[in-house]
$ cat structure_36.cif   # mmCIF, C-alpha atoms
data_my_file
loop_
_atom_site.label_atom_id
_atom_site.label_comp_id
_atom_site.auth_asym_id
_atom_site.auth_seq_id
_atom_site.Cartn_x
_atom_site.Cartn_y
_atom_site.Cartn_z
CA MET A 284 64.78 -10.25 -26.05
CA LYS A 285 61.59 -8.42 -26.63
CA PHE A 286 58.18 -9.98 -26.17
CA CYS A 287 55.10 -8.58 -27.72
CA ARG A 288 51.72 -10.21 -27.88
CA ALA A 289 49.07 -9.13 -30.31
CA SER A 290 45.66 -10.72 -30.10
CA ALA A 291 43.68 -10.28 -33.28
CA SER A 292 40.16 -11.47 -32.66
CA ALA A 293 37.92 -11.76 -35.66
CA SER A 294 34.90 -10.48 -33.74
CA SER A 295 34.61 -9.15 -30.21
CA SER A 296 31.67 -11.29 -29.16
CA SER A 297 32.86 -14.74 -30.13
CA SER A 298 35.67 -15.39 -27.74
CA TYR A 299 36.07 -19.05 -28.48
CA ALA A 300 36.97 -18.47 -32.09
CA SER A 301 39.56 -15.73 -31.56
CA THR A 302 42.98 -16.28 -32.99
CA THR A 303 45.92 -15.33 -30.85
CA LEU A 304 49.25 -14.48 -32.37
CA ILE A 305 52.18 -14.56 -30.10
CA SER A 306 55.24 -13.08 -31.69
CA TYR A 307 58.61 -13.13 -30.16
CA VAL A 308 61.05 -10.64 -31.53
CA ILE A 309 64.55 -11.88 -31.12
CA ARG A 310 67.13 -9.53 -32.48
CA ASP A 311 64.58 -7.95 -34.91
CA LEU A 312 63.71 -11.35 -36.36
CA PRO A 313 59.98 -11.81 -35.99
CA ILE A 314 59.02 -15.43 -35.25
CA ILE A 315 55.29 -15.89 -35.34
CA ILE A 316 53.86 -18.83 -33.44
CA PHE A 317 50.25 -19.73 -34.08
CA SER A 318 48.08 -21.12 -31.28
CA GLU A 319 46.95 -24.70 -31.78
CA ARG A 320 43.39 -23.61 -32.54
CA THR A 321 44.16 -22.26 -35.99
CA ARG A 322 44.28 -24.81 -38.71
CA ASP A 323 43.62 -22.77 -41.78
CA MET A 324 43.71 -19.18 -40.63
CA ALA A 325 41.67 -17.58 -43.41
CA SER A 326 38.64 -19.91 -43.35
CA GLN A 327 38.57 -19.95 -39.53
CA SER A 328 38.17 -16.22 -39.35
CA LEU A 329 35.49 -16.22 -42.05
CA LYS A 330 33.52 -18.91 -40.21
CA SER A 331 33.83 -17.03 -36.97
CA ILE A 332 32.62 -13.89 -38.67
CA LEU A 333 29.59 -15.74 -39.97
CA THR A 334 28.76 -17.29 -36.61
CA ALA A 335 29.06 -13.93 -34.94
CA ALA A 336 26.74 -12.36 -37.46
CA VAL A 337 24.18 -15.14 -37.03
CA ASN A 338 24.31 -14.85 -33.25
CA THR A 339 23.80 -11.12 -33.23
CA GLY A 340 20.96 -11.47 -35.71
CA VAL A 341 19.25 -14.04 -33.50
CA THR A 342 19.64 -11.95 -30.34
CA GLU A 343 18.35 -8.84 -32.05
CA ALA A 344 15.35 -10.67 -33.44
CA ARG A 345 14.59 -12.14 -30.02
CA ALA A 346 14.79 -8.72 -28.42
CA ARG A 347 12.49 -7.29 -31.04
CA ILE A 348 9.91 -10.02 -30.54
CA PHE A 349 9.85 -10.12 -26.75
CA GLY A 350 10.64 -6.49 -26.07
CA HIS A 351 13.99 -7.03 -24.35
CA VAL A 352 16.43 -4.17 -23.88
CA LEU A 353 19.78 -5.08 -25.41
CA ASN A 354 23.11 -3.99 -24.02
CA PRO A 355 25.80 -5.92 -25.90
CA THR A 356 28.67 -3.65 -24.88
CA GLY A 357 27.65 -3.84 -21.23
CA LEU A 358 27.41 -0.11 -20.59
CA LYS A 359 25.74 1.27 -17.48
CA SER A 360 22.02 1.23 -18.00
CA ALA A 361 19.11 2.52 -15.97
CA HIS A 362 16.98 -0.31 -17.29
CA LYS A 363 17.28 -2.37 -14.14
CA ILE A 364 15.35 0.21 -12.12
CA LEU A 365 12.56 0.11 -14.65
CA ARG A 366 12.52 -3.66 -14.58
CA LYS A 367 11.45 -3.86 -10.96
CA LYS A 368 7.85 -4.35 -10.00
CA LEU A 369 6.02 -1.56 -8.17
CA ILE A 370 5.59 -2.24 -4.47
CA GLY A 371 3.73 0.92 -3.38
CA GLU A 372 0.29 -0.62 -3.05
CA LYS A 373 1.43 -3.50 -0.90
CA VAL A 374 3.42 -1.19 1.33
CA ALA A 375 0.49 1.16 1.87
CA GLN A 376 -1.73 -1.71 3.01
CA TRP A 377 0.32 -2.66 6.04
CA TYR A 378 -2.07 -1.38 8.71
CA PRO A 379 -5.50 -3.00 8.63
CA HIS A 380 -8.53 -0.78 8.61
CA ASP A 381 -9.89 -0.10 12.09
CA ILE A 382 -13.67 -0.54 12.05
CA ARG A 383 -14.00 1.68 15.11
CA LYS A 384 -13.16 4.56 12.81
CA ASP A 385 -16.37 3.99 10.87
CA ASP A 386 -18.61 4.68 13.88
CA PRO A 387 -18.59 8.40 14.83
CA LEU A 388 -20.20 7.74 18.24
CA VAL A 389 -17.45 5.38 19.27
CA MET A 390 -14.86 7.88 18.09
CA GLU A 391 -16.42 10.66 20.13
CA ALA A 392 -16.55 8.51 23.23
CA GLU A 393 -12.90 7.59 22.86
CA GLU A 394 -11.85 11.19 22.33
CA LYS A 395 -13.75 12.21 25.47
CA GLU A 396 -12.00 9.50 27.44
CA ARG A 397 -8.63 10.72 26.25
CA LEU A 398 -9.34 14.33 27.19
CA ASN A 399 -10.66 13.31 30.61
CA LYS A 400 -7.56 11.33 31.32
CA LEU A 401 -5.38 14.26 30.25
CA GLU A 402 -7.33 16.60 32.53
CA MET A 403 -6.90 14.27 35.49
CA LEU A 404 -3.16 14.17 34.95
CA LYS A 405 -2.98 17.93 34.66
CA ARG A 406 -4.90 18.29 37.92
CA ARG A 407 -2.32 16.15 39.62
CA GLY A 408 0.45 18.13 37.96
CA LYS A 409 1.54 15.29 35.71
CA GLY A 410 0.56 16.72 32.32
CA PRO A 411 2.98 17.30 29.42
CA PRO A 412 5.54 20.08 30.02
CA LYS A 413 5.73 23.29 28.03
CA LYS A 414 7.85 23.53 24.93
CA GLY A 415 11.53 23.74 25.77
CA GLN A 416 11.03 22.61 29.38
CA GLY A 417 11.25 18.90 28.84
CA LYS A 418 13.93 16.68 30.34
CA ARG A 419 16.03 16.45 27.20
CA SER A 420 15.96 20.10 26.24
CA LYS A 421 16.78 21.12 29.81
CA ARG A 422 19.74 18.80 29.81
CA LYS A 423 20.94 20.24 26.53
CA SER A 424 20.89 23.89 27.68
CA MET B 24 1.37 8.28 17.28
CA SER B 25 4.39 6.92 15.46
CA VAL B 26 1.93 4.60 13.83
CA CYS B 27 0.13 7.66 12.51
CA ARG B 28 3.35 9.10 11.08
CA ASP B 29 4.39 5.78 9.59
CA ASN B 30 1.01 5.41 7.96
CA HIS B 31 1.33 8.87 6.48
CA ARG B 32 4.73 7.95 5.06
CA ARG B 33 3.36 4.78 3.53
CA LEU B 34 0.57 6.63 1.78
CA LEU B 35 2.98 9.21 0.39
CA ALA B 36 5.37 6.52 -0.77
CA GLU B 37 2.60 4.84 -2.68
CA LYS B 38 1.48 8.11 -4.21
CA PHE B 39 4.88 9.23 -5.47
CA GLU B 40 6.50 5.92 -6.23
CA LEU B 41 6.17 5.93 -9.99
CA ARG B 42 7.29 9.52 -10.29
CA ARG B 43 10.29 8.91 -8.07
CA ASN B 44 11.36 5.89 -10.07
CA LEU B 45 11.14 7.78 -13.33
CA TYR B 46 13.19 10.72 -12.03
CA LYS B 47 15.80 8.36 -10.72
CA VAL B 48 16.05 6.58 -14.05
CA LEU B 49 16.27 9.84 -15.99
CA CYS B 50 19.11 11.19 -13.95
CA LYS B 51 21.10 7.96 -14.05
CA ASP B 52 20.90 7.23 -17.74
CA THR B 53 24.24 8.18 -19.27
CA SER B 54 23.01 8.43 -22.81
CA LEU B 55 20.67 11.34 -22.08
CA PRO B 56 21.64 15.04 -22.42
CA ASP B 57 23.17 16.61 -19.33
CA ASP B 58 20.58 19.30 -18.75
CA LEU B 59 17.78 16.75 -18.64
CA ARG B 60 19.75 14.73 -16.12
CA GLU B 61 20.34 17.80 -14.00
CA GLU B 62 16.70 18.76 -14.12
CA SER B 63 15.52 15.33 -13.05
CA ARG B 64 18.12 15.30 -10.26
CA TYR B 65 16.71 18.60 -9.02
CA LYS B 66 13.15 17.34 -9.22
CA LEU B 67 14.11 14.19 -7.35
CA SER B 68 15.55 16.29 -4.57
CA LYS B 69 12.37 18.37 -4.47
CA LEU B 70 10.17 15.38 -3.72
CA PRO B 71 9.07 15.20 -0.06
CA ARG B 72 11.34 13.20 2.17
CA ASN B 73 8.50 11.19 3.58
CA ASN B 74 7.80 9.53 0.29
CA SER B 75 10.96 7.47 0.43
CA PHE B 76 10.61 3.76 1.06
CA THR B 77 13.64 3.77 3.31
CA ARG B 78 11.80 5.95 5.82
CA ILE B 79 9.10 3.39 6.38
CA ARG B 80 9.37 1.12 9.36
CA ASN B 81 7.30 -2.04 9.73
CA ARG B 82 5.46 -1.43 12.99
CA CYS B 83 3.34 -3.84 15.00
CA ILE B 84 -0.30 -3.32 14.09
CA PHE B 85 -1.48 -4.02 17.63
CA SER B 86 1.01 -2.22 19.81
CA GLY B 87 2.89 0.05 17.40
CA ARG B 88 6.23 -1.39 18.47
CA GLY B 89 8.98 -0.49 16.02
CA ARG B 90 11.35 -3.35 16.75
CA ALA B 91 11.08 -7.13 16.63
CA VAL B 92 8.16 -7.10 14.23
CA TYR B 93 7.65 -10.19 12.12
CA GLU B 94 6.61 -9.40 8.59
CA THR B 95 4.46 -12.49 8.07
CA PHE B 96 2.21 -11.64 11.02
CA ARG B 97 2.79 -7.90 11.20
CA ILE B 98 2.91 -8.11 14.99
CA SER B 99 5.71 -7.71 17.48
CA ARG B 100 7.21 -10.55 19.45
CA LEU B 101 5.40 -9.71 22.67
CA VAL B 102 1.95 -9.58 21.09
CA PHE B 103 2.81 -12.70 19.11
CA ARG B 104 3.60 -14.59 22.26
CA ALA B 105 0.45 -13.43 24.00
CA LEU B 106 -1.83 -14.33 21.11
CA ALA B 107 -0.13 -17.62 20.28
CA ASN B 108 -0.49 -18.83 23.87
CA LYS B 109 -4.19 -18.06 23.77
CA GLY B 110 -4.45 -19.97 20.51
CA MET B 111 -5.62 -17.02 18.49
CA LEU B 112 -3.00 -17.48 15.77
CA ASN B 113 -4.08 -20.09 13.29
CA GLY B 114 -1.70 -22.96 12.83
CA VAL B 115 0.83 -21.68 15.34
CA LYS B 116 1.80 -23.96 18.19
CA LYS B 117 4.81 -24.38 20.42
CA ALA B 118 7.66 -26.19 18.74
CA SER B 119 8.25 -28.33 21.79
CA ARG B 120 4.70 -29.73 21.69
#
$ encode --input "structure_36.cif" --output "structure tokens"
Amino acid sequence: MKFCRASASASSSSSYASTTLISYVIRDLPIIIFSERTRDMASQSLKSILTAAVNTGVTEARARIFGHVLNPTGLKSAHKILRKKLIGEKVAQWYPHDIRKDDPLVMEAEEKERLNKLEMLKRRGKGPPKKGQGKRSKRKS
Amino acid sequence: MSVCRDNHRRLLAEKFELRRNLYKVLCKDTSLPDDLREESRYKLSKLPRNNSFTRIRNRCIFSGRGRAVYETFRISRLVFRALANKGMLNGVKKASR
């Protein structure tokens, strides 16, 4: 007993109006069983064709008016990257502006302090080591 | 110091963002010719590494701590605790009070 199922859909987009033919082939005698949806097969398919056409027309018109990007087949599209808002400005404003930077005198005083401190440490022998002599690089070699 | 580097990365990310997005889109779109996709892939790789958003870390603006930084306050948990106890954070009080 051979089973073969052929689904002939009037249009790909309207799934609810598709007609399904299930044919069982028993000893080369095709017996075609209609699904309960089909009353009059010819008019059903015509109606479904019309509804499909109307739907596609409406979606295309909507896309044209509002500037949507259509993808009825569902292929991979790079549109979703373009859809996103730009975040660069917000990201760059994370650190607030330090008003000490506006005053050059204050900046000079701070720099002097830093250098003095460094000098004191060096005098004691606690300054930064030379390149390649640090703890980590010594451990590596 | 890491604050300085992070700031630099943020500025670069802002500067190159649009360009980066466009290159990415061009190389991912399947309906475009292959040589254009290759070229945009190459250009995307040529962009500086520090302009990527993934390289940015939200640091504490007071202490520069890289971990345990709350985005709403932009400060780390230690500084948050210190300031909240003093009452310097507006509207923040202990949940047990």
$ resolve_selection --input "structure_36.cif" --expression "the PyMOL selection byres ((chain A) within 9 of (chain B))" --output "ChimeraX atom specification"
/A:358-362,364-365,369-379
$ resolve_selection --input "structure_36.cif" --expression "the PyMOL selection byres ((chain B and resi 99-109) around 12)" --output "count of residues only"
27
$ axis_aligned_box --input "structure_36.cif" --around "segment 352-370 of chain A" --padding-each-side "4 Å" --output "lines of an AutoDock Vina configuration file"
center_x = 17.1
center_y = -1.7
center_z = -15.2
size_x = 31.1
size_y = 16.4
size_z = 29.4
$ atom_distance --input "structure_36.cif" --atom1 "atom CA of Pro412 of chain A" --atom2 "atom CA of Cys27 of chain B"
22.1 Å
$ atom_distance --input "structure_36.cif" --atom1 "atom CA of Arg28 of chain B" --atom2 "atom CA of His380 of chain A"
15.6 Å
$ atom_distance --input "structure_36.cif" --atom1 "atom CA of Lys368 of chain A" --atom2 "atom CA of Arg345 of chain A"
22.5 Å
